[in-house]
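Novice: Sharing input-v8.tsv here; it has TSV, C-alpha atoms.
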```
chain	number	residue	atom	x	y	z
D	42	MET	CA	-16.22	37.36	-37.22
D	43	LYS	CA	-12.76	36.21	-38.24
D	44	PRO	CA	-12.41	32.96	-40.12
D	45	GLU	CA	-9.95	30.36	-38.85
D	46	ILE	CA	-6.65	30.44	-40.68
D	47	ASP	CA	-4.81	27.25	-41.46
D	48	VAL	CA	-1.14	28.16	-41.06
D	49	ALA	CA	0.00	25.09	-42.97
D	50	GLU	CA	-2.13	26.18	-45.92
D	51	LEU	CA	-0.67	29.67	-45.62
D	52	LYS	CA	2.88	28.33	-45.77
D	53	GLU	CA	1.91	26.19	-48.75
D	54	ILE	CA	0.67	29.27	-50.65
D	55	ILE	CA	3.80	31.26	-49.81
D	56	SER	CA	6.04	28.37	-50.93
D	57	HIS	CA	4.69	28.61	-54.50
D	58	SER	CA	6.69	31.80	-55.14
D	59	PRO	CA	10.47	32.25	-55.05
D	60	GLN	CA	11.44	32.94	-51.43
D	61	LYS	CA	12.87	36.41	-52.00
D	62	PRO	CA	11.76	39.99	-51.29
D	63	SER	CA	10.69	40.66	-54.89
D	64	SER	CA	7.92	38.04	-54.57
D	65	LEU	CA	6.15	40.13	-51.95
D	66	ILE	CA	3.20	41.41	-53.98
D	67	ALA	CA	2.69	38.11	-55.81
D	68	VAL	CA	2.55	36.25	-52.49
D	69	LEU	CA	0.14	38.75	-50.95
D	70	GLN	CA	-2.08	38.48	-54.04
D	71	ASP	CA	-2.13	34.68	-53.74
D	72	ILE	CA	-3.09	34.92	-50.08
D	73	GLN	CA	-5.73	37.55	-50.77
D	74	ARG	CA	-7.21	35.36	-53.50
D	75	LYS	CA	-7.39	32.34	-51.22
D	76	PHE	CA	-8.63	33.91	-47.97
D	77	HIS	CA	-10.28	37.04	-49.45
D	78	TYR	CA	-8.18	39.11	-47.03
D	79	LEU	CA	-4.73	39.20	-45.45
D	80	PRO	CA	-4.91	37.76	-41.96
D	81	PRO	CA	-2.31	38.98	-39.43
D	82	GLU	CA	-0.70	35.53	-39.54
D	83	ALA	CA	-0.21	35.97	-43.31
D	84	ILE	CA	1.60	39.29	-42.86
D	85	LYS	CA	3.95	37.72	-40.32
D	86	GLU	CA	4.55	34.49	-42.26
D	87	THR	CA	5.22	36.39	-45.49
D	88	SER	CA	7.68	38.67	-43.71
D	89	SER	CA	9.76	35.83	-42.30
D	90	ALA	CA	9.57	33.62	-45.40
D	91	LEU	CA	10.63	36.32	-47.88
D	92	GLY	CA	13.02	38.17	-45.59
D	93	VAL	CA	11.09	41.43	-45.85
D	94	PRO	CA	10.76	43.49	-42.64
D	95	LEU	CA	7.31	43.18	-41.05
D	96	SER	CA	6.84	46.93	-41.25
D	97	GLN	CA	7.40	46.89	-45.02
D	98	VAL	CA	4.94	44.05	-45.61
D	99	TYR	CA	2.40	46.02	-43.59
D	100	SER	CA	3.13	49.14	-45.63
D	101	VAL	CA	2.51	47.34	-48.93
D	102	ALA	CA	-0.55	45.51	-47.59
D	103	THR	CA	-2.17	48.77	-46.51
D	104	PHE	CA	-1.16	50.74	-49.61
D	105	TYR	CA	-2.93	48.76	-52.34
D	106	SER	CA	-6.72	48.70	-52.37
D	107	ALA	CA	-6.52	45.18	-53.84
D	108	PHE	CA	-5.45	44.00	-50.38
D	109	SER	CA	-7.65	44.02	-47.35
D	110	LEU	CA	-6.70	43.46	-43.73
D	111	GLU	CA	-10.31	42.93	-42.79
D	112	PRO	CA	-12.13	39.73	-43.76
D	113	ARG	CA	-14.00	40.17	-47.02
D	114	GLY	CA	-16.83	38.30	-48.59
D	115	LYS	CA	-16.37	35.39	-50.93
D	116	HIS	CA	-17.98	37.54	-53.61
D	117	THR	CA	-17.32	41.20	-54.25
D	118	CYS	CA	-20.01	43.41	-55.72
D	119	ARG	CA	-18.62	46.66	-57.08
D	120	ILE	CA	-20.90	49.45	-58.15
D	121	CYS	CA	-19.42	52.08	-60.41
D	122	MET	CA	-20.12	55.59	-59.20
D	123	GLY	CA	-18.23	57.39	-61.97
D	124	THR	CA	-19.84	60.42	-63.56
D	125	ALA	CA	-21.59	58.53	-66.37
D	126	CYS	CA	-22.86	55.75	-64.10
D	127	HIS	CA	-23.88	58.25	-61.48
D	128	ILE	CA	-26.16	60.20	-63.78
D	129	LYS	CA	-27.57	57.00	-65.29
D	130	GLY	CA	-28.85	55.80	-61.95
D	131	ALA	CA	-25.99	54.04	-60.15
D	132	PRO	CA	-27.08	55.46	-56.76
D	133	MET	CA	-30.36	53.60	-57.13
D	134	ALA	CA	-28.56	50.38	-58.00
D	135	LEU	CA	-26.44	50.87	-54.90
D	136	GLU	CA	-29.49	51.43	-52.75
D	137	GLN	CA	-31.03	48.23	-54.12
D	138	ALA	CA	-27.81	46.27	-53.47
D	139	GLU	CA	-27.60	47.64	-49.94
D	140	ASP	CA	-31.21	46.56	-49.30
D	141	GLN	CA	-30.62	43.15	-50.84
D	142	LEU	CA	-27.49	42.44	-48.85
D	143	GLY	CA	-28.43	44.29	-45.68
D	144	ILE	CA	-25.10	46.14	-45.57
D	145	LYS	CA	-23.75	49.54	-46.53
D	146	ALA	CA	-21.11	50.26	-49.19
D	147	GLY	CA	-17.67	49.21	-47.94
D	148	GLN	CA	-19.10	46.55	-45.63
D	149	THR	CA	-19.13	42.77	-45.68
D	150	THR	CA	-22.09	40.55	-44.84
D	151	PRO	CA	-21.71	38.76	-41.45
D	152	ASP	CA	-21.76	35.38	-43.23
D	153	LEU	CA	-18.74	36.54	-45.31
D	154	ARG	CA	-20.50	35.90	-48.61
D	155	PHE	CA	-20.62	39.42	-50.03
D	156	THR	CA	-18.57	42.58	-49.85
D	157	LEU	CA	-20.19	45.67	-51.32
D	158	GLU	CA	-17.97	48.36	-52.75
D	159	VAL	CA	-18.32	51.63	-54.58
D	160	VAL	CA	-15.68	52.29	-57.23
D	161	ASN	CA	-14.96	55.44	-59.16
D	162	CYS	CA	-14.75	54.49	-62.82
D	163	VAL	CA	-14.18	51.16	-64.49
D	164	GLY	CA	-13.75	52.59	-67.97
D	165	ALA	CA	-16.96	51.10	-69.36
D	166	CYS	CA	-19.03	54.28	-69.46
D	167	ALA	CA	-20.79	53.27	-72.69
D	168	MET	CA	-22.73	50.62	-70.77
D	169	ALA	CA	-23.42	52.79	-67.73
D	170	PRO	CA	-24.51	52.13	-65.07
D	171	VAL	CA	-22.04	49.29	-64.53
D	172	VAL	CA	-21.98	46.71	-61.75
D	173	ILE	CA	-19.19	44.20	-61.40
D	174	ILE	CA	-19.78	41.03	-59.44
D	175	ASP	CA	-16.55	39.14	-58.90
D	176	GLU	CA	-14.95	39.29	-62.36
D	177	LYS	CA	-18.16	39.68	-64.37
D	178	TYR	CA	-19.31	43.05	-65.73
D	179	TYR	CA	-23.01	43.85	-65.99
D	180	GLY	CA	-24.00	46.87	-68.10
D	181	ASN	CA	-27.16	49.00	-68.32
D	182	VAL	CA	-28.09	47.86	-64.85
D	183	ARG	CA	-31.59	48.58	-63.68
D	184	VAL	CA	-32.79	48.39	-60.13
D	185	ASP	CA	-34.90	45.29	-60.79
D	186	LYS	CA	-31.94	43.52	-62.41
D	187	MET	CA	-29.78	44.02	-59.32
D	188	LYS	CA	-31.67	41.41	-57.29
D	189	ARG	CA	-31.46	38.89	-60.14
D	190	TYR	CA	-27.70	39.29	-60.46
D	191	LEU	CA	-27.12	38.84	-56.74
D	192	ASP	CA	-29.50	35.87	-56.58
D	193	GLY	CA	-27.67	34.34	-59.54
D	194	VAL	CA	-24.39	34.48	-57.63
D	195	ARG	CA	-26.05	33.06	-54.51
D	196	ASP	CA	-27.48	30.13	-56.53
D	197	GLU	CA	-24.04	29.26	-57.91
D	198	ASP	CA	-22.71	28.55	-54.41
G	48	MET	CA	32.85	73.22	-59.36
G	49	LYS	CA	31.08	76.45	-58.57
G	50	ILE	CA	27.40	77.28	-58.30
G	51	GLN	CA	25.78	80.69	-58.03
G	52	ILE	CA	23.35	81.28	-55.19
G	53	ASN	CA	21.48	84.58	-55.00
G	54	GLY	CA	24.15	86.25	-57.14
G	55	ARG	CA	27.23	84.99	-55.27
G	56	TRP	CA	29.47	82.10	-56.32
G	57	TYR	CA	30.03	79.17	-53.96
G	58	GLU	CA	32.21	76.07	-54.09
G	59	ALA	CA	30.25	72.82	-54.54
G	60	ARG	CA	31.32	69.19	-54.65
G	61	GLU	CA	30.35	66.53	-57.18
G	62	GLY	CA	27.40	64.44	-55.94
G	63	GLU	CA	26.14	67.03	-53.50
G	64	MET	CA	22.58	68.26	-53.54
G	65	VAL	CA	21.81	71.98	-53.79
G	66	LEU	CA	20.44	71.95	-50.23
G	67	ASP	CA	23.78	70.61	-48.91
G	68	VAL	CA	25.52	73.71	-50.26
G	69	LEU	CA	22.78	76.03	-48.97
G	70	ARG	CA	23.10	74.57	-45.49
G	71	ARG	CA	26.90	74.61	-45.49
G	72	GLU	CA	26.94	78.25	-46.51
G	73	GLY	CA	24.29	79.17	-43.96
G	74	ILE	CA	21.76	80.36	-46.54
G	75	ASP	CA	18.33	80.35	-44.96
G	76	VAL	CA	16.06	77.92	-46.77
G	77	PRO	CA	13.51	76.02	-44.65
G	78	ALA	CA	13.48	72.23	-44.86
G	79	LEU	CA	11.75	69.85	-42.47
G	80	CYS	CA	12.24	66.43	-44.04
G	81	ALA	CA	15.96	66.67	-44.86
G	82	HIS	CA	18.48	65.29	-42.38
G	83	GLU	CA	22.12	64.39	-42.90
G	84	ALA	CA	21.56	60.94	-41.35
G	85	VAL	CA	19.26	59.77	-44.14
G	86	GLU	CA	18.88	60.00	-47.91
G	87	PRO	CA	16.94	63.00	-49.24
G	88	TYR	CA	13.23	62.32	-49.71
G	89	GLY	CA	11.51	65.49	-50.94
G	90	ALA	CA	8.43	65.18	-48.75
G	91	CYS	CA	8.00	68.59	-47.14
G	92	ARG	CA	8.46	70.69	-50.33
G	93	LEU	CA	9.72	73.67	-48.31
G	94	CYS	CA	13.25	73.71	-49.72
G	95	MET	CA	12.03	74.60	-53.23
G	96	VAL	CA	14.38	76.92	-55.09
G	97	GLU	CA	14.53	78.35	-58.60
G	98	ILE	CA	17.29	77.01	-60.81
G	99	THR	CA	18.64	78.00	-64.17
G	100	HIS	CA	21.88	77.79	-66.15
G	101	GLU	CA	23.49	79.94	-68.80
G	102	ASP	CA	23.38	76.96	-71.23
G	103	TRP	CA	19.66	76.36	-70.75
G	104	GLY	CA	18.54	79.10	-73.11
G	105	GLY	CA	16.59	81.02	-70.50
G	106	TRP	CA	14.77	77.97	-69.07
G	107	LYS	CA	14.03	78.20	-65.36
G	108	GLY	CA	12.53	75.68	-63.03
G	109	ASN	CA	11.39	75.29	-59.44
G	110	VAL	CA	12.86	72.20	-57.79
G	111	THR	CA	13.29	70.74	-54.33
G	112	SER	CA	16.88	71.62	-53.49
G	113	CYS	CA	17.26	68.52	-51.30
G	114	LEU	CA	16.86	66.28	-54.37
G	115	TYR	CA	18.61	68.37	-57.04
G	116	PRO	CA	22.26	67.45	-57.63
G	117	VAL	CA	24.66	70.36	-58.14
G	118	GLU	CA	26.22	70.95	-61.53
G	119	ASP	CA	28.86	73.41	-62.60
G	120	LYS	CA	27.63	76.99	-63.07
G	121	LEU	CA	24.13	76.20	-61.82
G	122	ILE	CA	22.31	79.41	-60.90
G	123	VAL	CA	20.10	79.18	-57.83
G	124	GLN	CA	17.64	81.73	-56.45
G	125	THR	CA	16.24	80.95	-53.01
G	126	HIS	CA	13.75	83.77	-52.47
G	127	THR	CA	12.07	84.74	-55.72
G	128	GLU	CA	8.44	85.85	-55.58
G	129	ASP	CA	7.29	82.51	-57.01
G	130	ILE	CA	9.34	80.52	-54.52
G	131	ILE	CA	8.06	82.49	-51.58
G	132	GLU	CA	4.52	81.99	-52.86
G	133	LEU	CA	5.15	78.21	-53.15
G	134	ARG	CA	6.52	78.04	-49.62
G	135	LYS	CA	3.55	80.01	-48.33
G	136	THR	CA	1.16	77.51	-49.93
G	137	VAL	CA	3.06	74.58	-48.42
G	138	LEU	CA	3.12	76.22	-44.98
G	139	ASN	CA	-0.56	77.06	-45.28
G	140	LEU	CA	-1.27	73.37	-45.95
G	141	LEU	CA	1.07	72.20	-43.20
G	142	LEU	CA	-0.66	74.54	-40.79
G	143	ALA	CA	-4.02	73.04	-41.77
G	144	ARG	CA	-2.61	69.58	-41.13
G	145	CYS	CA	-0.85	70.45	-37.86
G	146	PRO	CA	-2.49	73.61	-36.46
G	147	ASN	CA	-1.11	72.96	-32.97
G	148	SER	CA	2.55	72.39	-33.83
G	149	PRO	CA	4.74	75.21	-32.43
G	150	GLU	CA	7.42	74.46	-35.06
G	151	ILE	CA	4.96	74.79	-37.95
G	152	GLN	CA	3.34	77.87	-36.41
G	153	LYS	CA	6.73	79.56	-36.08
G	154	LEU	CA	7.82	78.73	-39.62
G	155	ALA	CA	4.46	79.83	-41.03
G	156	SER	CA	4.54	83.13	-39.17
G	157	GLU	CA	8.01	83.79	-40.59
G	158	TYR	CA	6.28	83.67	-43.98
G	159	GLY	CA	3.44	85.87	-42.77
G	160	ILE	CA	0.87	83.12	-42.17
G	161	ASP	CA	-0.74	83.17	-38.75
G	162	THR	CA	-3.82	81.09	-39.45
G	163	THR	CA	-4.38	78.62	-42.23
G	164	SER	CA	-6.85	79.55	-44.96
G	165	PHE	CA	-7.81	75.87	-45.29
G	166	VAL	CA	-9.99	73.92	-42.90
G	167	PRO	CA	-7.73	72.70	-40.09
G	168	ARG	CA	-7.65	68.94	-39.54
G	169	GLU	CA	-9.90	67.68	-36.77
G	170	ASP	CA	-8.15	66.01	-33.83
G	171	ALA	CA	-4.88	67.03	-35.44
G	172	ASP	CA	-1.61	65.59	-34.20
G	173	ASN	CA	1.79	67.11	-34.99
G	174	CYS	CA	2.88	64.58	-37.62
G	175	ILE	CA	3.69	66.20	-40.97
G	176	MET	CA	4.34	62.84	-42.71
G	177	CYS	CA	7.94	63.76	-43.53
G	178	GLY	CA	8.97	60.13	-43.07
G	179	LEU	CA	12.16	60.98	-41.17
G	180	CYS	CA	11.27	58.53	-38.38
G	181	THR	CA	10.67	55.58	-40.69
G	182	ARG	CA	13.74	56.41	-42.76
G	183	VAL	CA	16.04	56.70	-39.76
G	184	CYS	CA	14.58	53.45	-38.38
G	185	THR	CA	15.47	51.71	-41.65
G	186	GLN	CA	18.89	53.37	-41.62
G	187	MET	CA	19.49	52.07	-38.10
G	188	GLY	CA	18.65	48.61	-39.44
G	189	PHE	CA	15.52	47.97	-37.39
G	190	ASN	CA	12.55	48.68	-39.69
G	191	ALA	CA	10.20	48.78	-36.73
G	192	ILE	CA	7.82	51.42	-38.05
G	193	SER	CA	6.59	52.33	-41.51
G	194	VAL	CA	4.08	54.33	-43.49
G	195	ALA	CA	0.67	52.67	-43.57
G	196	GLY	CA	-2.29	53.35	-45.81
G	197	ARG	CA	-2.41	56.01	-48.45
G	198	GLY	CA	-4.02	59.26	-49.40
G	199	TYR	CA	-5.84	61.10	-46.64
G	200	GLY	CA	-5.53	58.19	-44.21
G	201	ARG	CA	-1.79	57.79	-44.64
G	202	GLU	CA	-0.01	57.55	-41.30
G	203	ILE	CA	3.12	56.38	-39.53
G	204	ALA	CA	2.30	53.11	-37.84
G	205	THR	CA	3.71	49.99	-36.30
G	206	PRO	CA	3.04	46.71	-38.14
G	207	LEU	CA	-0.61	45.71	-37.66
G	208	LYS	CA	-0.83	48.60	-35.15
G	209	GLU	CA	0.59	46.28	-32.52
G	210	ALA	CA	3.66	46.74	-30.33
G	211	PRO	CA	6.51	46.57	-32.87
G	212	PRO	CA	8.56	43.38	-32.51
G	213	ASP	CA	11.57	44.90	-34.32
G	214	CYS	CA	11.80	48.05	-32.16
G	215	VAL	CA	14.69	48.26	-29.70
G	216	GLY	CA	13.67	51.54	-28.07
G	217	CYS	CA	16.67	53.47	-29.41
G	218	LEU	CA	14.67	56.73	-29.69
G	219	ALA	CA	16.20	57.64	-33.07
G	220	CYS	CA	12.67	58.37	-34.33
G	221	VAL	CA	11.94	60.61	-31.34
G	222	LYS	CA	15.13	62.60	-31.76
G	223	ILE	CA	14.83	63.09	-35.53
G	224	CYS	CA	11.14	64.11	-35.54
G	225	PRO	CA	11.10	67.79	-36.63
G	226	THR	CA	7.78	68.53	-34.93
G	227	HIS	CA	8.32	66.50	-31.75
G	228	HIS	CA	5.30	64.38	-32.51
G	229	ILE	CA	6.71	61.02	-31.43
G	230	GLN	CA	6.50	60.58	-27.69
G	231	TYR	CA	8.13	58.18	-25.26
G	232	GLU	CA	8.23	57.86	-21.52
G	233	ASP	CA	10.90	56.66	-19.12
G	234	ILE	CA	9.45	55.67	-15.76
G	235	GLY	CA	12.12	54.37	-13.40
G	236	THR	CA	13.87	51.62	-15.33
G	237	THR	CA	11.08	51.13	-17.87
G	238	ARG	CA	10.83	52.87	-21.22
G	239	GLU	CA	7.60	52.96	-23.16
G	240	ILE	CA	7.46	53.82	-26.85
G	241	TRP	CA	5.17	52.74	-29.70
G	242	GLY	CA	3.06	50.86	-27.16
G	243	ARG	CA	5.92	48.61	-26.17
G	244	GLN	CA	7.80	48.48	-22.90
G	245	PHE	CA	11.54	48.09	-22.53
G	246	GLU	CA	13.68	47.37	-19.51
G	247	LEU	CA	16.52	49.90	-19.18
G	248	VAL	CA	20.10	48.95	-18.33
G	249	LYS	CA	21.22	50.55	-15.06
G	250	CYS	CA	24.69	51.98	-14.51
G	251	LYS	CA	26.47	49.70	-12.02
G	252	GLN	CA	27.93	52.71	-10.21
G	253	CYS	CA	25.30	55.45	-10.04
G	254	GLY	CA	22.21	53.39	-10.91
G	255	LYS	CA	21.05	55.80	-13.63
G	256	ALA	CA	19.05	54.10	-16.39
G	257	LEU	CA	20.10	55.17	-19.87
G	258	ILE	CA	19.70	52.59	-22.64
G	259	THR	CA	17.38	49.68	-23.33
G	260	ARG	CA	18.75	46.15	-22.94
G	261	GLU	CA	17.71	45.41	-26.54
G	262	PHE	CA	19.56	48.40	-27.98
G	263	ALA	CA	22.68	47.77	-25.86
G	264	ASP	CA	22.75	44.12	-26.99
G	265	TYR	CA	22.30	45.17	-30.61
G	266	LEU	CA	25.20	47.64	-30.44
G	267	ILE	CA	27.48	45.14	-28.68
G	268	GLU	CA	26.73	42.51	-31.29
G	269	ASN	CA	26.77	44.64	-34.44
G	270	ARG	CA	28.85	47.74	-33.85
G	271	ASP	CA	32.04	46.28	-32.38
G	272	ILE	CA	31.44	47.66	-28.90
G	273	PRO	CA	32.93	45.85	-25.84
G	274	ALA	CA	30.41	43.66	-23.98
G	275	ASP	CA	30.85	45.60	-20.72
G	276	TYR	CA	30.60	49.04	-22.36
G	277	PHE	CA	27.10	49.79	-21.06
G	278	ASP	CA	27.75	48.54	-17.51
G	279	ILE	CA	28.88	52.00	-16.45
G	280	CYS	CA	27.33	55.22	-17.75
G	281	ASP	CA	29.26	57.97	-19.55
G	282	ASP	CA	29.12	60.32	-16.56
G	283	CYS	CA	30.63	57.71	-14.22
G	284	LYS	CA	33.27	56.83	-16.81
G	285	ARG	CA	34.22	60.49	-17.02
G	286	SER	CA	34.45	60.94	-13.26
G	287	GLY	CA	36.54	57.77	-13.12
G	288	THR	CA	38.97	59.23	-15.64
G	289	ALA	CA	38.99	62.53	-13.74
G	290	ARG	CA	39.89	60.68	-10.52
G	291	ASP	CA	42.76	58.92	-12.26
G	292	PHE	CA	44.07	62.26	-13.53
G	293	LYS	CA	43.74	63.79	-10.10
G	294	LYS	CA	45.93	61.03	-8.65
G	295	LEU	CA	48.51	61.72	-11.34
G	296	VAL	CA	48.48	65.46	-10.68
G	297	HIS	CA	48.70	64.99	-6.92
G	298	TRP	CA	51.66	62.73	-7.33
G	299	GLU	CA	53.46	65.44	-9.32
G	300	GLU	CA	52.55	68.13	-6.78
G	301	LYS	CA	53.89	65.90	-4.01
G	302	GLU	CA	57.16	65.47	-5.89
G	303	GLU	CA	57.47	69.22	-6.39
G	304	ALA	CA	56.79	69.83	-2.70
G	305	GLU	CA	59.46	67.30	-1.74
G	306	GLU	CA	61.92	69.01	-4.06
G	307	GLU	CA	61.15	72.36	-2.45
G	308	VAL	CA	61.72	70.92	1.02
G	309	SER	CA	65.04	69.34	0.06
G	310	ALA	CA	66.13	72.64	-1.55
```
I need this file expressed as structure tokens, please.

Specialist:
Amino acid sequence: MKPEIDVAELKEIISHSPQKPSSLIAVLQDIQRKFHYLPPEAIKETSSALGVPLSQVYSVATFYSAFSLEPRGKHTCRICMGTACHIKGAPMALEQAEDQLGIKAGQTTPDLRFTLEVVNCVGACAMAPVVIIDEKYYGNVRVDKMKRYLDGVRDED
Amino acid sequence: MKIQINGRWYEAREGEMVLDVLRREGIDVPALCAHEAVEPYGACRLCMVEITHEDWGGWKGNVTSCLYPVEDKLIVQTHTEDIIELRKTVLNLLLARCPNSPEIQKLASEYGIDTTSFVPREDADNCIMCGLCTRVCTQMGFNAISVAGRGYGREIATPLKEAPPDCVGCLACVKICPTHHIQYEDIGTTREIWGRQFELVKCKQCGKALITREFADYLIENRDIPADYFDICDDCKRSGTARDFKKLVHWEEKEEAEEEVSA
């Protein structure tokens, strides 16, 4: 399922940055933040507005993991699978999250509310296992807490 | 300035890279990603050489010769044990990436590697990710293709994996590809490359199709080429010139014959 993209809104976002090639990443970040992914229209609009070849915009968009060309959920749930988190039970937290959301790691729920990701280390090993939902870090995660965290985010909507 | 390569001194020019001198002097050092049409890139790692200098207090280093600028009295060794070992490792990896490429197989066997010791890539194509195609495309001014993704999934791709709007079908990428990975097809007056089709311009005399309309138009507009330049193909132009010469020669022969008769 691909969400509808309002091209006027897209142009509005692009117009906030100086219209030159060096704005490329900033513009892509703004678009990613707004739509939670980079729609094909965004790649094309950005290319023509900033005067950067389409192929280069595509290169940058596919290089950074912060950008996604596939639609992503409104919320991102990242589960740290670094060494410390791994041995302190992160795989179980992941399993719980997968059950809760009905998707596998790397996937997005069909209603585009959640994207579930596995990350390698977030540098917060002291509070392992760590789960990050949107910008918020949760430490010492236990399986039973996982459901509460995700429900909490759902209730906020 | 002079640099020493394998014990012999060679003339080198300011601003040159070590590989430029090696190639000019015909010294055999393999390199797959270096081409005179584009800036050096250092992707294939095959042109590694050992360098040192009498002022460096015995320090030696292994560098890619395509990216190392020459300096006076630089001492270069192209086939030390370490260098050969490095090249073997690179070829071993390249062979795992492209087990079916005749070019890689040949180069690897020259270094004594017939089968890779790594696990060969599944469904392997012949792309070694040297980036020559994308670099030459940028150099030509088209920017139709680029490197997409990163890490293991890195690949040469068209924007959004669609038919590239900026491609003109010039075939620079096909011709520069060291492993002949990039394919195209000319069927009648249609050329297909990167999933896009181009109409070819036909020679008004012999009807042979040689260049895409898009590329011809680009050259006429940007490279100061007469608008009717691509109407007739090079072969027909040559035979036209030959005919003109023939007329000229015949005329002279006729004159000589007349002179003989009158004499």

Novice: Compile the residues of chain G that lie within 6 Å of chain D, evaluated using only C-alpha atoms, and express the compilation as a VMD selection string.

Specialist: chain G and resid 191 to 197 206

Novice: Any chance you could export the current selection's C-alpha atoms as a PDB file, in the coordinates of the input?

Specialist:
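Output contents, as saved in result.pdb:
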```
ATOM      1  CA  ALA G 191      10.200  48.780 -36.730  1.00  0.00           C
ATOM      2  CA  ILE G 192       7.820  51.420 -38.050  1.00  0.00           C
ATOM      3  CA  SER G 193       6.590  52.330 -41.510  1.00  0.00           C
ATOM      4  CA  VAL G 194       4.080  54.330 -43.490  1.00  0.00           C
ATOM      5  CA  ALA G 195       0.670  52.670 -43.570  1.00  0.00           C
ATOM      6  CA  GLY G 196      -2.290  53.350 -45.810  1.00  0.00           C
ATOM      7  CA  ARG G 197      -2.410  56.010 -48.450  1.00  0.00           C
ATOM      8  CA  PRO G 206       3.040  46.710 -38.140  1.00  0.00           C
TER       9      PRO G 206
END
```

Novice: Tell me, in Å to one decimal, how far atom CA of Lys188 of chain D is from atom CA of Val160 of chain D.

Specialist: 19.3 Å

Novice: Taking (-17.2, 53.3, -53.5) as a centre in this file's frame and 8 Å as the limit, can you find every polymer residue with an atom that close, using all atoms listed in the file, and give them as a PyMOL selection string?

Specialist: chain D and resi 119-122+146-147+158-161

Novice: Rounded to one decimal place, report the atom CA of Lys249 of chain G-atom CA of Cys280 of chain G distance in Å.

Specialist: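 That distance, rounded to one decimal, is 8.1 Å.
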
Novice: Using all atoms listed in the file, which protein or nucleic acid residues come within 12 Å of Glu97 of chain G? Drop anything in the same chain fewer than 5 positions from it, and give the result as a ChimeraX atom specification.

Specialist: /G:51-53,65,76,106-112,115,121-131,133

Novice: Taking (1.7, 39.8, -49.5) as a centre in this file's frame and 10 Å as the limit, can you find every polymer residue with an atom that close, using only C-alpha atoms, and give them as a list in words?

Specialist: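 Selection result: Ile55, Ser64, Leu65, Ile66, Ala67, Val68, Leu69, Gln70, Asp71, Ile72, Gln73, Leu79, Ala83, Ile84, Lys85, Glu86, Thr87, Ser88, Leu91, Val98, Tyr99, Val101, Ala102 and Phe108 of chain D.
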
Novice: So what do you get for atom CA of Ala90 of chain G versus atom CA of Gly216 of chain G, distance-wise?

Specialist: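 Separation of atom CA of Ala90 of chain G and atom CA of Gly216 of chain G: 25.3 Å.
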
Novice: Under the rule that all atoms listed in the file are counted, which of G:Val183, G:Tyr231, G:Asn269, G:Lys222 is the nearest residue to Tyr88 of chain G?

Specialist: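 Looking at the shortest contact to Tyr88 of chain G, the residue is G:Val183.
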
Novice: So that I can check the surroundings of Glu136 of chain D, please list as a VMD selection string every protein, DNA and RNA residue that reaches within 12 Å of it, counting only C-alpha atoms and ignoring chain neighbours fewer than 3 positions away.

Specialist: chain D and resid 120 130 to 133 139 to 146 157 to 159 183 to 185 187 to 188

Novice: Counting all atoms listed in the file, which residue out of G:Leu154, G:Val96, G:Cys217, G:Val137 sits closest to Ile240 of chain G?

Specialist: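 Using all atoms listed in the file, Ile240 of chain G sits closest to G:Cys217.
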
Novice: Taking into account all atoms listed in the file, which residue in the set G:Leu295, G:Ala256, G:Cys94, G:Ala219 is nearest to Gly235 of chain G?

Specialist: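 Of G:Leu295, G:Ala256, G:Cys94, G:Ala219, the one nearest Gly235 of chain G, counting all atoms listed in the file, is G:Ala256.
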
Novice: For a quick check of understanding, using only C-alpha atoms, which of G:Val85, G:Met64, G:Met176, G:Leu266 has the smallest distance to Glu202 of chain G?

Specialist: G:Met176

Novice: Tell me which of G:Pro149, G:Asp119, G:Glu261, G:Asp170 sits closest to Phe189 of chain G, counting only C-alpha atoms.

Specialist: G:Glu261

Novice: Give me, as a list of chain:residue names, all polymer residues having an atom no more than 10 Å from Asp198 of chain D, counting only C-alpha atoms and skipping those fewer than 5 positions away in the same chain.

Specialist: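 Selected residues are D:Lys115, D:Arg154, D:Gly193.
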
Novice: Just want the 10 Å neighbourhood of Cys113 of chain G, counted on all atoms listed in the file, with same-chain residues fewer than 6 positions away dropped. Output as JSON, numbers by chain.

Specialist: {"G": [63, 64, 65, 66, 67, 68, 69, 78, 80, 81, 82, 86, 87, 88, 89, 90, 92, 93, 94, 95, 96]}

Novice: Determine the nearest neighbour of Gly287 of chain G from the options G:Ile267, G:Ala59, G:Ile272, G:Cys253, counting only C-alpha atoms.

Specialist: G:Cys253

Novice: Skip Gly114 of chain D itself and residues of its chain fewer than 6 positions away, then list as a PyMOL selection string all residues within 9 Å of it, counting all atoms listed in the file.

Specialist: chain D and resi 77-78+149-157
